[in-house]
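Undergrad: My structure is stored as structure31.cif, with mmCIF, C-alpha atoms.
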data_start
loop_
_atom_site.label_atom_id
_atom_site.label_comp_id
_atom_site.auth_asym_id
_atom_site.auth_seq_id
_atom_site.Cartn_x
_atom_site.Cartn_y
_atom_site.Cartn_z
CA MET A 1 178.85 212.47 -195.17
CA SER A 2 181.62 212.40 -192.60
CA VAL A 3 181.54 210.26 -189.54
CA PHE A 4 183.10 211.58 -186.37
CA LYS A 5 184.24 209.14 -183.72
CA VAL A 6 184.80 210.29 -180.18
CA THR A 7 187.91 208.64 -178.78
CA ASP A 8 188.90 208.13 -175.16
CA SER A 9 191.52 210.85 -175.46
CA ASP A 10 188.87 213.32 -176.65
CA GLU A 11 186.65 212.44 -173.69
CA ALA A 12 189.57 212.82 -171.30
CA ALA A 13 190.46 216.17 -172.83
CA ARG A 14 186.96 217.49 -172.09
CA VAL A 15 187.30 216.69 -168.37
CA PRO A 16 189.11 219.43 -166.44
CA VAL A 17 192.52 218.51 -165.08
CA ALA A 18 191.44 219.26 -161.50
CA ILE A 19 188.56 216.78 -161.71
CA ARG A 20 190.75 214.09 -163.28
CA THR A 21 193.37 214.55 -160.57
CA THR A 22 190.75 214.51 -157.82
CA ALA A 23 189.18 211.34 -159.22
CA ALA A 24 192.55 209.62 -159.47
CA LEU A 25 193.40 210.50 -155.89
CA SER A 26 189.92 209.58 -154.65
CA TRP A 27 189.89 206.01 -155.89
CA ARG A 28 193.39 205.45 -154.52
CA VAL A 29 192.33 206.83 -151.14
CA LEU A 30 189.26 204.58 -151.22
CA VAL A 31 191.44 201.57 -151.92
CA ILE A 32 193.74 202.45 -149.02
CA LEU A 33 190.80 203.00 -146.66
CA GLY A 34 189.27 199.71 -147.76
CA MET A 35 192.54 197.91 -147.11
CA LEU A 36 192.81 199.50 -143.65
CA TYR A 37 189.21 198.57 -142.86
CA ALA A 38 189.79 194.99 -143.93
CA LEU A 39 193.00 194.85 -141.90
CA GLY A 40 191.20 196.25 -138.84
CA TRP A 41 188.38 193.75 -139.25
CA LEU A 42 190.85 190.89 -139.55
CA VAL A 43 192.78 192.05 -136.47
CA GLY A 44 189.51 192.30 -134.54
CA ARG A 45 188.51 188.80 -135.52
CA LEU A 46 191.93 187.47 -134.54
CA SER A 47 192.32 189.58 -131.39
CA VAL A 48 192.77 186.47 -129.26
CA VAL A 49 195.99 185.84 -131.21
CA VAL A 50 196.99 189.42 -132.09
CA ILE A 51 196.96 190.79 -128.53
CA PRO A 52 199.29 188.12 -127.04
CA VAL A 53 201.65 188.46 -130.01
CA ALA A 54 201.66 192.27 -129.66
CA ILE A 55 202.43 192.01 -125.94
CA ALA A 56 205.19 189.51 -126.72
CA LEU A 57 206.66 191.96 -129.24
CA LEU A 58 206.67 194.75 -126.64
CA LEU A 59 208.31 192.49 -124.04
CA SER A 60 210.86 191.29 -126.59
CA ALA A 61 211.76 194.93 -127.29
CA LEU A 62 212.34 195.34 -123.56
CA LEU A 63 214.37 192.14 -123.09
CA ALA A 64 216.16 191.70 -126.44
CA PRO A 65 219.08 194.03 -125.61
CA ALA A 66 219.89 191.94 -122.51
CA VAL A 67 219.86 188.73 -124.55
CA ALA A 68 222.16 190.29 -127.15
CA ALA A 69 224.52 191.51 -124.42
CA LEU A 70 224.81 188.01 -122.91
CA SER A 71 225.35 186.54 -126.37
CA ARG A 72 228.28 188.90 -126.93
CA LEU A 73 229.76 187.53 -123.69
CA ARG A 74 229.81 184.03 -125.27
CA VAL A 75 226.76 182.84 -123.34
CA PRO A 76 224.80 180.31 -125.46
CA ARG A 77 221.75 181.85 -127.06
CA GLY A 78 219.33 179.43 -125.45
CA LEU A 79 220.76 179.94 -121.96
CA ALA A 80 220.80 183.71 -122.42
CA THR A 81 217.16 183.64 -123.47
CA ALA A 82 216.18 181.53 -120.45
CA VAL A 83 218.07 183.72 -117.96
CA VAL A 84 216.71 186.99 -119.35
CA LEU A 85 213.19 185.62 -119.71
CA VAL A 86 212.96 184.36 -116.13
CA GLY A 87 214.74 187.32 -114.57
CA GLY A 88 213.05 189.96 -116.71
CA LEU A 89 209.52 188.65 -116.28
CA ALA A 90 210.09 188.29 -112.54
CA ALA A 91 211.30 191.90 -112.28
CA VAL A 92 208.54 193.34 -114.48
CA GLY A 93 205.88 191.23 -112.76
CA GLY A 94 207.13 192.24 -109.32
CA ILE A 95 207.07 195.95 -110.13
CA LEU A 96 203.63 195.79 -111.70
CA THR A 97 202.28 193.71 -108.83
CA PHE A 98 203.51 196.24 -106.26
CA VAL A 99 202.17 199.22 -108.20
CA ILE A 100 198.78 197.67 -108.97
CA ASN A 101 198.32 196.40 -105.41
CA ALA A 102 199.20 199.83 -104.01
CA PHE A 103 196.73 201.46 -106.38
CA ILE A 104 193.94 198.99 -105.61
CA ALA A 105 194.52 199.28 -101.84
CA GLY A 106 194.13 203.07 -101.98
CA LEU A 107 191.37 203.14 -104.58
CA PRO A 108 188.40 203.39 -102.14
CA ASP A 109 189.96 206.34 -100.30
CA LEU A 110 190.92 207.89 -103.61
CA GLN A 111 187.34 207.64 -104.87
CA ARG A 112 186.00 209.25 -101.69
CA GLN A 113 188.50 212.08 -102.04
CA LEU A 114 187.49 212.62 -105.65
CA MET A 115 183.80 212.76 -104.81
CA ALA A 116 184.55 215.20 -101.98
CA SER A 117 186.59 217.26 -104.45
CA LEU A 118 183.60 217.43 -106.78
CA ASP A 119 181.42 218.66 -103.90
CA THR A 120 184.02 221.33 -103.07
CA ILE A 121 184.14 222.47 -106.69
CA ARG A 122 180.34 222.58 -106.79
CA GLU A 123 180.19 224.86 -103.73
CA TRP A 124 182.88 227.12 -105.19
CA ALA A 125 181.05 227.33 -108.53
CA ALA A 126 177.85 228.37 -106.74
CA THR A 127 179.38 230.87 -104.29
CA GLY A 128 182.39 231.99 -106.32
CA PRO A 129 182.66 234.41 -109.23
CA LEU A 130 180.89 232.05 -111.65
CA HIS A 131 177.55 232.12 -109.76
CA LEU A 132 176.21 229.06 -111.55
CA GLY A 133 172.74 227.83 -110.78
CA GLU A 134 172.30 224.96 -108.35
CA ALA A 135 170.40 222.84 -110.87
CA GLN A 136 173.05 223.35 -113.55
CA ILE A 137 175.87 222.48 -111.14
CA ASN A 138 174.08 219.38 -109.90
CA ARG A 139 173.56 218.22 -113.46
CA TYR A 140 177.25 218.61 -114.33
CA VAL A 141 178.41 216.95 -111.12
CA ASP A 142 175.97 214.08 -111.58
CA GLN A 143 177.22 213.59 -115.13
CA VAL A 144 180.84 213.43 -113.95
CA GLY A 145 179.99 211.07 -111.09
CA ASN A 146 177.93 208.82 -113.34
CA TRP A 147 180.73 208.78 -115.88
CA LEU A 148 183.23 207.71 -113.24
CA GLN A 149 180.98 204.92 -111.99
CA ASP A 150 180.04 203.75 -115.48
CA ASN A 151 183.67 203.84 -116.60
CA GLN A 152 184.73 201.77 -113.60
CA GLN A 153 182.03 199.20 -114.35
CA ARG A 154 182.98 199.19 -118.03
CA ILE A 155 186.66 198.62 -117.24
CA THR A 156 185.79 195.79 -114.87
CA SER A 157 183.35 194.17 -117.27
CA GLY A 158 185.78 194.65 -120.16
CA ALA A 159 188.56 192.98 -118.24
CA LEU A 160 186.26 190.09 -117.39
CA ALA A 161 185.06 189.86 -120.98
CA THR A 162 188.64 189.74 -122.25
CA ALA A 163 189.23 186.60 -120.19
CA THR A 164 185.75 185.11 -120.06
CA THR A 165 187.12 181.83 -118.84
CA PHE A 166 190.28 180.78 -117.12
CA GLY A 167 191.05 178.60 -120.10
CA SER A 168 191.08 181.48 -122.60
CA PHE A 169 193.22 183.61 -120.28
CA LEU A 170 195.66 180.74 -119.77
CA THR A 171 195.76 180.14 -123.52
CA GLY A 172 196.61 183.78 -124.16
CA MET A 173 199.36 183.74 -121.53
CA LEU A 174 200.88 180.56 -122.92
CA LEU A 175 200.76 181.92 -126.45
CA MET A 176 202.41 185.15 -125.31
CA LEU A 177 205.20 183.30 -123.49
CA PHE A 178 205.72 180.86 -126.37
CA THR A 179 205.92 183.71 -128.87
CA LEU A 180 208.21 185.74 -126.60
CA ILE A 181 210.67 182.84 -126.28
CA PHE A 182 211.04 182.53 -130.04
CA PHE A 183 211.18 186.31 -130.54
CA LEU A 184 214.12 186.46 -128.13
CA HIS A 185 215.88 183.33 -129.42
CA ASP A 186 215.21 183.46 -133.17
CA GLY A 187 213.82 186.94 -133.79
CA ARG A 188 216.35 187.77 -136.48
CA ARG A 189 215.85 184.46 -138.31
CA ILE A 190 212.07 184.92 -138.22
CA TRP A 191 212.45 188.40 -139.72
CA LEU A 192 214.75 187.13 -142.48
CA PHE A 193 212.29 184.34 -143.22
CA LEU A 194 209.51 186.91 -143.66
CA LEU A 195 211.72 188.89 -146.03
CA GLY A 196 212.46 185.80 -148.13
CA PRO A 197 209.52 186.09 -150.59
CA MET A 198 210.23 189.77 -151.26
CA PRO A 199 211.95 190.85 -154.49
CA GLU A 200 215.72 190.98 -154.24
CA PRO A 201 216.14 194.78 -154.73
CA LEU A 202 213.54 195.44 -152.01
CA ARG A 203 214.95 193.22 -149.27
CA SER A 204 217.70 195.55 -148.12
CA ARG A 205 215.34 198.51 -147.82
CA LEU A 206 212.75 196.45 -145.94
CA ASP A 207 215.46 195.01 -143.69
CA LEU A 208 216.66 198.53 -142.89
CA ALA A 209 213.08 199.69 -142.23
CA GLY A 210 212.33 196.73 -139.98
CA THR A 211 215.57 197.17 -138.01
CA ARG A 212 214.94 200.89 -137.56
CA GLY A 213 211.35 200.23 -136.50
CA PHE A 214 212.31 197.62 -133.90
CA ASP A 215 215.13 199.82 -132.60
CA SER A 216 212.65 202.66 -132.13
CA LEU A 217 210.31 200.28 -130.31
CA ILE A 218 213.18 199.30 -127.98
CA GLY A 219 213.93 202.95 -127.32
CA TYR A 220 210.29 203.78 -126.72
CA ILE A 221 209.67 200.94 -124.26
CA ARG A 222 212.87 201.62 -122.34
CA ALA A 223 212.32 205.38 -122.24
CA THR A 224 208.67 205.11 -121.28
CA GLY A 225 209.48 202.87 -118.32
CA LEU A 226 212.20 205.23 -117.09
CA VAL A 227 209.97 208.27 -117.59
CA ALA A 228 207.14 206.56 -115.68
CA VAL A 229 209.47 205.86 -112.75
CA GLY A 230 210.77 209.44 -112.83
CA ASP A 231 207.25 210.90 -112.91
CA ALA A 232 206.04 208.70 -110.06
CA LEU A 233 209.06 209.50 -107.88
CA GLY A 234 209.02 213.22 -108.63
CA ILE A 235 205.30 213.74 -108.07
CA GLY A 236 205.23 211.33 -105.13
CA ILE A 237 208.08 213.14 -103.32
CA GLY A 238 206.46 216.49 -104.05
CA LEU A 239 203.09 215.36 -102.70
CA ALA A 240 204.77 213.96 -99.57
CA ILE A 241 206.54 217.28 -98.94
CA ILE A 242 203.32 219.24 -99.41
CA GLY A 243 201.46 216.87 -97.11
CA VAL A 244 198.87 215.56 -99.55
CA PRO A 245 197.29 212.28 -98.39
CA LEU A 246 197.25 209.05 -100.44
CA VAL A 247 200.78 209.61 -101.74
CA VAL A 248 201.43 205.95 -102.62
CA PRO A 249 198.16 205.41 -104.58
CA LEU A 250 198.63 208.71 -106.40
CA ALA A 251 202.24 207.87 -107.29
CA ALA A 252 201.09 204.44 -108.51
CA LEU A 253 198.41 206.12 -110.62
CA VAL A 254 201.04 208.44 -112.12
CA PHE A 255 203.26 205.44 -112.94
CA LEU A 256 200.45 203.55 -114.68
CA ALA A 257 199.15 206.64 -116.51
CA ALA A 258 202.64 207.47 -117.84
CA PHE A 259 202.31 204.60 -120.33
CA ILE A 260 199.52 206.59 -122.04
CA PRO A 261 201.40 209.70 -123.25
CA ILE A 262 199.94 213.20 -122.74
CA VAL A 263 196.44 211.99 -121.83
CA GLY A 264 197.67 209.91 -118.90
CA ALA A 265 199.82 212.75 -117.52
CA VAL A 266 196.91 215.21 -117.67
CA ALA A 267 194.46 212.78 -116.04
CA SER A 268 196.78 211.67 -113.21
CA GLY A 269 197.86 215.28 -112.52
CA ALA A 270 194.24 216.41 -112.35
CA VAL A 271 193.42 213.67 -109.83
CA ALA A 272 196.38 214.68 -107.62
CA ILE A 273 195.31 218.34 -107.70
CA LEU A 274 191.70 217.48 -106.81
CA VAL A 275 192.83 215.36 -103.85
CA ALA A 276 195.09 218.17 -102.62
CA LEU A 277 192.25 220.67 -102.99
CA VAL A 278 189.76 218.76 -100.89
CA ALA A 279 192.29 217.56 -98.33
CA ASN A 280 194.41 220.66 -97.68
CA GLY A 281 192.73 223.56 -99.46
CA PRO A 282 193.51 225.79 -102.44
CA ILE A 283 197.09 226.63 -101.40
CA SER A 284 198.01 222.95 -101.34
CA ALA A 285 196.24 222.46 -104.68
CA LEU A 286 198.27 225.29 -106.24
CA LEU A 287 201.50 223.82 -104.86
CA THR A 288 200.51 220.41 -106.24
CA LEU A 289 199.82 222.04 -109.61
CA GLY A 290 203.31 223.53 -109.52
CA VAL A 291 204.85 220.13 -108.71
CA VAL A 292 202.92 218.42 -111.52
CA LEU A 293 203.82 221.11 -114.06
CA GLY A 294 207.47 221.05 -112.96
CA VAL A 295 207.75 217.28 -113.30
CA GLN A 296 205.98 217.34 -116.66
CA GLN A 297 208.30 220.10 -117.93
CA LEU A 298 211.31 218.08 -116.77
CA GLU A 299 209.91 215.06 -118.57
CA GLY A 300 209.08 216.88 -121.80
CA ASN A 301 212.24 218.99 -122.07
CA VAL A 302 214.88 216.67 -120.57
CA LEU A 303 213.87 213.04 -120.11
CA GLN A 304 211.99 212.35 -123.34
CA PRO A 305 214.47 214.07 -125.72
CA LEU A 306 217.39 212.46 -123.89
CA LEU A 307 215.97 208.94 -123.63
CA ILE A 308 213.77 208.58 -126.69
CA GLY A 309 215.88 210.52 -129.19
CA ARG A 310 215.08 211.90 -132.59
CA ALA A 311 214.16 208.57 -134.18
CA VAL A 312 211.12 208.06 -131.93
CA ARG A 313 210.04 211.67 -131.48
CA LEU A 314 206.42 212.12 -132.49
CA HIS A 315 204.33 215.25 -132.79
CA PRO A 316 201.92 215.69 -129.84
CA LEU A 317 198.96 215.91 -132.22
CA ALA A 318 199.91 212.57 -133.77
CA VAL A 319 200.15 211.04 -130.29
CA VAL A 320 196.74 212.33 -129.21
CA LEU A 321 195.09 211.20 -132.45
CA ALA A 322 196.72 207.77 -132.20
CA ILE A 323 195.51 207.34 -128.61
CA SER A 324 192.00 208.44 -129.59
CA VAL A 325 191.83 206.04 -132.52
CA GLY A 326 193.28 203.23 -130.41
CA ALA A 327 190.69 203.83 -127.67
CA ILE A 328 187.84 203.80 -130.19
CA VAL A 329 189.06 200.68 -131.98
CA ALA A 330 190.37 198.51 -129.12
CA GLY A 331 189.61 200.24 -125.80
CA ILE A 332 192.29 200.10 -123.11
CA ILE A 333 194.54 197.77 -125.13
CA GLY A 334 194.32 200.20 -128.03
CA THR A 335 195.44 203.16 -125.91
CA LEU A 336 198.46 201.20 -124.69
CA LEU A 337 199.51 199.89 -128.11
CA ALA A 338 198.70 202.92 -130.28
CA VAL A 339 201.81 205.01 -129.59
CA PRO A 340 204.36 202.12 -129.73
CA VAL A 341 202.89 201.01 -133.06
CA LEU A 342 202.94 204.59 -134.35
CA ALA A 343 206.57 205.06 -133.25
CA MET A 344 207.63 201.84 -134.94
CA LEU A 345 205.78 202.67 -138.18
CA ASN A 346 207.15 206.21 -138.14
CA SER A 347 210.76 205.01 -138.01
CA ALA A 348 210.15 202.26 -140.57
CA VAL A 349 208.49 204.58 -143.09
CA ARG A 350 211.21 207.19 -142.64
CA ALA A 351 213.81 204.49 -143.27
CA LEU A 352 212.05 203.49 -146.49
CA TYR A 353 212.10 207.08 -147.73
CA GLU A 354 215.55 208.03 -146.48
CA GLY A 355 217.40 204.70 -146.94
CA ASP A 356 220.12 204.79 -149.55
CA GLY A 357 220.24 201.03 -150.14
CA GLN A 358 223.74 200.69 -148.72
CA ALA A 359 222.70 198.26 -145.98
CA GLU A 360 223.87 194.67 -146.32
CA PRO A 361 221.26 192.58 -148.16
CA ALA A 362 219.03 190.72 -145.78
CA THR A 363 219.92 187.35 -147.28
CA ALA A 364 223.67 187.83 -147.43
CA ALA A 365 224.32 186.46 -143.95
CA VAL A 366 222.29 183.32 -144.54
CA GLU A 367 223.64 182.70 -148.02
CA GLY A 368 227.18 183.10 -146.72
CA GLY A 369 226.63 180.21 -144.33
CA ARG A 370 227.07 182.19 -141.11
CA GLU A 371 224.77 183.23 -138.28
CA PRO A 372 222.52 186.20 -139.07
CA PRO A 373 223.56 189.33 -137.19
CA GLU A 374 221.59 190.07 -134.06
CA SER A 375 220.12 193.52 -133.53
CA ASP A 376 220.35 194.64 -129.92
CA GLY A 377 218.82 198.04 -130.52
CA GLU A 378 221.83 199.96 -129.20
CA GLU A 379 223.78 200.51 -132.41
CA PRO A 380 223.17 203.94 -133.91
CA ALA A 381 220.87 203.91 -136.89
CA PRO A 382 222.60 204.84 -140.14
CA GLU A 383 221.88 208.32 -141.38
#
The structure in this file should be written as structure tokens.

TA:
Amino acid sequence: MSVFKVTDSDEAARVPVAIRTTAALSWRVLVILGMLYALGWLVGRLSVVVIPVAIALLLSALLAPAVAALSRLRVPRGLATAVVLVGGLAAVGGILTFVINAFIAGLPDLQRQLMASLDTIREWAATGPLHLGEAQINRYVDQVGNWLQDNQQRITSGALATATTFGSFLTGMLLMLFTLIFFLHDGRRIWLFLLGPMPEPLRSRLDLAGTRGFDSLIGYIRATGLVAVGDALGIGIGLAIIGVPLVVPLAALVFLAAFIPIVGAVASGAVAILVALVANGPISALLTLGVVLGVQQLEGNVLQPLLIGRAVRLHPLAVVLAISVGAIVAGIIGTLLAVPVLAMLNSAVRALYEGDGQAEPATAAVEGGREPPESDGEEPAPE
């Protein structure tokens, strides 16, 4: 009597290759999703720390090139950091204060114009070629109006909830400033310290990826600020020529919305067109639409390719999905941080895949007893 034993290889042979491949991919995908979920949960729990550090990283990307430039002029690193920090924060704070104050001052008139625009659209929908029913129009208009009011209340309550007490807000500001100082003064040393525990063959690739990622973040922040100024000036001048009211609040809205790619441009352009429609009529609205489309075409075809470059270029679908996920996960902060994080990760991952390992090892500068090289974000990335 013979005894047959079924081995693991026999069992595996009976399972179709497609199912085995699908199962192998599935458990790996589940592990990755579980890791991302755990990382998201941890970031949410530590948001009081993560948000100030993220803002400090963005500001350091904006100010680090100036610190590096002063260092090349033989200015001591500490003095260069202090000068750039004080001057840069004063300039950024002054611009944001002017823009936000202008927007807040014109917000009541802007809201009245928007509500009047909705009434105009409702009348056109009832008497125009659509011939929609009055009850259906009222329901849609009420939904839009309620959404605007609820969204305004949610933004206000969310801002208050973020800083529930003056102490927590002050703590976040101090943590951001403290982190920013050390990012500007010792950013390279901090990065090399983080690379220290990594295996020796991997350090050069990770150093290249980190440098590329931070350079792309510098390019993105710088380009986004310039594009926001260009959009605000272009649309503001166009609205002033057409004769649309509330030019300053609308230009301020365009400037603020430019930091949320694609979605912000569409939303701010729609608001400008609605205001022109109710204030000056359909001809003015069409002219405003032409101005908005012209400025957006100039931005998309000239400013962004010229300023951002190939290293930071992202597909529009990836941008929209990143903004959507950021809004779902972290609200307004998520929409602002989603695209910079995506741009940085995109450049870092591409560097990991395309890097040839010819970069100087990350520990060579320290082991040689000299100062680690500073990255100012302006040197061309190696191909």

Undergrad: Just give me the gap between CA of Met115 in chain A and CA of Ala272 in chain A in Å, one decimal is fine.

TA: 13.0 Å

Undergrad: Pick out the closest residue to Gly93 in chain A from this set: A:Leu59, A:Ala80, A:Ala251, A:Val31. Count all atoms listed in the file.

TA: A:Leu59

Undergrad: With the file shown as input, list the residues that the PyMOL selection byres ((chain A and resi 213) around 10) selects, as a list of chain:residue names.

TA: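 That expression, the PyMOL selection byres ((chain A and resi 213) around 10), corresponds here to A:Asp207, A:Leu208, A:Ala209, A:Gly210, A:Thr211, A:Arg212, A:Phe214, A:Asp215, A:Ser216, A:Leu217, A:Ile218, A:Gly219, A:Ala311, A:Val312, A:Pro340, A:Val341, A:Leu342, A:Ala343, A:Met344, A:Leu345, A:Asn346, A:Ser347, A:Ala348, A:Val349, A:Arg350, A:Ala351, A:Gly377.
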
Undergrad: Using only C-alpha atoms, tabulate the residues of range 184-278 of chain A lying at most 10 Å from any atom of range 295-303 of chain A, each with its closest atom pair and that distance in Å to one decimal, by chain and increasing residue number, as JSON lines.

TA:
{"residue": "A:Ala223", "atom": "CA", "partner": "A:Leu303", "partner_atom": "CA", "distance": 8.1}
{"residue": "A:Thr224", "atom": "CA", "partner": "A:Leu303", "partner_atom": "CA", "distance": 9.6}
{"residue": "A:Leu226", "atom": "CA", "partner": "A:Leu303", "partner_atom": "CA", "distance": 8.5}
{"residue": "A:Val227", "atom": "CA", "partner": "A:Leu303", "partner_atom": "CA", "distance": 6.7}
{"residue": "A:Ala228", "atom": "CA", "partner": "A:Glu299", "partner_atom": "CA", "distance": 9.4}
{"residue": "A:Gly230", "atom": "CA", "partner": "A:Glu299", "partner_atom": "CA", "distance": 8.1}
{"residue": "A:Asp231", "atom": "CA", "partner": "A:Val295", "partner_atom": "CA", "distance": 6.4}
{"residue": "A:Ala232", "atom": "CA", "partner": "A:Val295", "partner_atom": "CA", "distance": 9.3}
{"residue": "A:Leu233", "atom": "CA", "partner": "A:Val295", "partner_atom": "CA", "distance": 9.6}
{"residue": "A:Gly234", "atom": "CA", "partner": "A:Val295", "partner_atom": "CA", "distance": 6.3}
{"residue": "A:Ile235", "atom": "CA", "partner": "A:Val295", "partner_atom": "CA", "distance": 6.8}
{"residue": "A:Gly238", "atom": "CA", "partner": "A:Val295", "partner_atom": "CA", "distance": 9.4}
{"residue": "A:Ile262", "atom": "CA", "partner": "A:Gln296", "partner_atom": "CA", "distance": 9.5}
{"residue": "A:Ala265", "atom": "CA", "partner": "A:Gln296", "partner_atom": "CA", "distance": 7.7}
{"residue": "A:Val266", "atom": "CA", "partner": "A:Gln296", "partner_atom": "CA", "distance": 9.4}
{"residue": "A:Gly269", "atom": "CA", "partner": "A:Gln296", "partner_atom": "CA", "distance": 9.3}

Undergrad: Using all atoms listed in the file, can you tell me which of A:Ile221, A:Leu277, A:Met176, A:Ala90 comes closest to Ala54 in chain A?

TA: A:Met176

Undergrad: I need the residue set behind the PyMOL selection byres ((chain A and resi 279-287) around 12) for this file; please write it as a VMD selection string.

TA: chain A and resid 109 to 110 112 to 117 120 to 121 124 235 238 to 246 269 to 278 288 to 294

Undergrad: Would you put the residues from that selection into a file with C-alpha atoms, as a PDB file, in the coordinates of the input?

TA:
ATOM      1  CA  ASP A 109     189.960 206.340-100.300  1.00  0.00           C
ATOM      2  CA  LEU A 110     190.920 207.890-103.610  1.00  0.00           C
ATOM      3  CA  ARG A 112     186.000 209.250-101.690  1.00  0.00           C
ATOM      4  CA  GLN A 113     188.500 212.080-102.040  1.00  0.00           C
ATOM      5  CA  LEU A 114     187.490 212.620-105.650  1.00  0.00           C
ATOM      6  CA  MET A 115     183.800 212.760-104.810  1.00  0.00           C
ATOM      7  CA  ALA A 116     184.550 215.200-101.980  1.00  0.00           C
ATOM      8  CA  SER A 117     186.590 217.260-104.450  1.00  0.00           C
ATOM      9  CA  THR A 120     184.020 221.330-103.070  1.00  0.00           C
ATOM     10  CA  ILE A 121     184.140 222.470-106.690  1.00  0.00           C
ATOM     11  CA  TRP A 124     182.880 227.120-105.190  1.00  0.00           C
ATOM     12  CA  ILE A 235     205.300 213.740-108.070  1.00  0.00           C
ATOM     13  CA  GLY A 238     206.460 216.490-104.050  1.00  0.00           C
ATOM     14  CA  LEU A 239     203.090 215.360-102.700  1.00  0.00           C
ATOM     15  CA  ALA A 240     204.770 213.960 -99.570  1.00  0.00           C
ATOM     16  CA  ILE A 241     206.540 217.280 -98.940  1.00  0.00           C
ATOM     17  CA  ILE A 242     203.320 219.240 -99.410  1.00  0.00           C
ATOM     18  CA  GLY A 243     201.460 216.870 -97.110  1.00  0.00           C
ATOM     19  CA  VAL A 244     198.870 215.560 -99.550  1.00  0.00           C
ATOM     20  CA  PRO A 245     197.290 212.280 -98.390  1.00  0.00           C
ATOM     21  CA  LEU A 246     197.250 209.050-100.440  1.00  0.00           C
ATOM     22  CA  GLY A 269     197.860 215.280-112.520  1.00  0.00           C
ATOM     23  CA  ALA A 270     194.240 216.410-112.350  1.00  0.00           C
ATOM     24  CA  VAL A 271     193.420 213.670-109.830  1.00  0.00           C
ATOM     25  CA  ALA A 272     196.380 214.680-107.620  1.00  0.00           C
ATOM     26  CA  ILE A 273     195.310 218.340-107.700  1.00  0.00           C
ATOM     27  CA  LEU A 274     191.700 217.480-106.810  1.00  0.00           C
ATOM     28  CA  VAL A 275     192.830 215.360-103.850  1.00  0.00           C
ATOM     29  CA  ALA A 276     195.090 218.170-102.620  1.00  0.00           C
ATOM     30  CA  LEU A 277     192.250 220.670-102.990  1.00  0.00           C
ATOM     31  CA  VAL A 278     189.760 218.760-100.890  1.00  0.00           C
ATOM     32  CA  THR A 288     200.510 220.410-106.240  1.00  0.00           C
ATOM     33  CA  LEU A 289     199.820 222.040-109.610  1.00  0.00           C
ATOM     34  CA  GLY A 290     203.310 223.530-109.520  1.00  0.00           C
ATOM     35  CA  VAL A 291     204.850 220.130-108.710  1.00  0.00           C
ATOM     36  CA  VAL A 292     202.920 218.420-111.520  1.00  0.00           C
ATOM     37  CA  LEU A 293     203.820 221.110-114.060  1.00  0.00           C
ATOM     38  CA  GLY A 294     207.470 221.050-112.960  1.00  0.00           C
TER      39      GLY A 294
END

Undergrad: With only C-alpha atoms as the basis for distance, which of A:Leu33, A:Leu85, A:Val319, A:Ile51 is at the shortest distance from Met173 in chain A?

TA: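 Going through A:Leu33, A:Leu85, A:Val319, A:Ile51 one by one, the smallest distance to Met173 in chain A is for A:Ile51.
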
Undergrad: For CA of Ser268 in chain A and CA of Val329 in chain A, determine how far apart the two atoms are, in Å to one decimal place.

TA: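 A separation of 23.1 Å between them.
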
Undergrad: Measuring atom to atom with only C-alpha atoms, identify which of A:Ala56, A:Ala102, A:Leu39, A:Ala18 is nearest to Leu337 in chain A.

TA: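 Closest to Leu337 in chain A, using only C-alpha atoms: A:Ala56.
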
Undergrad: Write out as AutoDock Vina command-line options an axis-aligned box for range 73-90 of chain A: all of its atoms listed in the file, 3 Å added on each side, centre and edge lengths in Å with one decimal.

TA:
--center_x 219.7 --center_y 184.7 --center_z -119.8 --size_x 26.3 --size_y 16.5 --size_z 20.5

Undergrad: Taking (217.3, 190.3, -120.0) as a centre in this file's frame and 6 Å as the limit, can you find every polymer residue with an atom that close, using all atoms listed in the file, and give them as a ChimeraX atom specification?

TA: /A:63,66-67,84,88

Undergrad: In Å, with one decimal, what is the gap from CA of Phe193 in chain A to CA of Ile181 in chain A?

TA: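 Distance between the two atoms: 17.1 Å.
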
Undergrad: Determine the nearest neighbour of Val339 in chain A from the options A:Tyr37, A:Trp191, A:Tyr220, A:Phe178, counting all atoms listed in the file.

TA: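 Distance minimum relative to Val339 in chain A lands on A:Tyr220.
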
Undergrad: Could you give me, as a ChimeraX atom specification, the residues that have an atom at most 12 Å away from the point (213.9, 184.8, -131.8) in the coordinates of the file, using only C-alpha atoms?

TA: /A:56-57,60-61,63-64,67-68,77-78,80-81,178-193,372-376

Undergrad: From the options A:Ala105, A:Val263, A:Met198, A:Leu256, which residue's atoms come nearest to Leu317 in chain A, counting only C-alpha atoms?

TA: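 For Leu317 in chain A, the nearest of the given residues is A:Val263.
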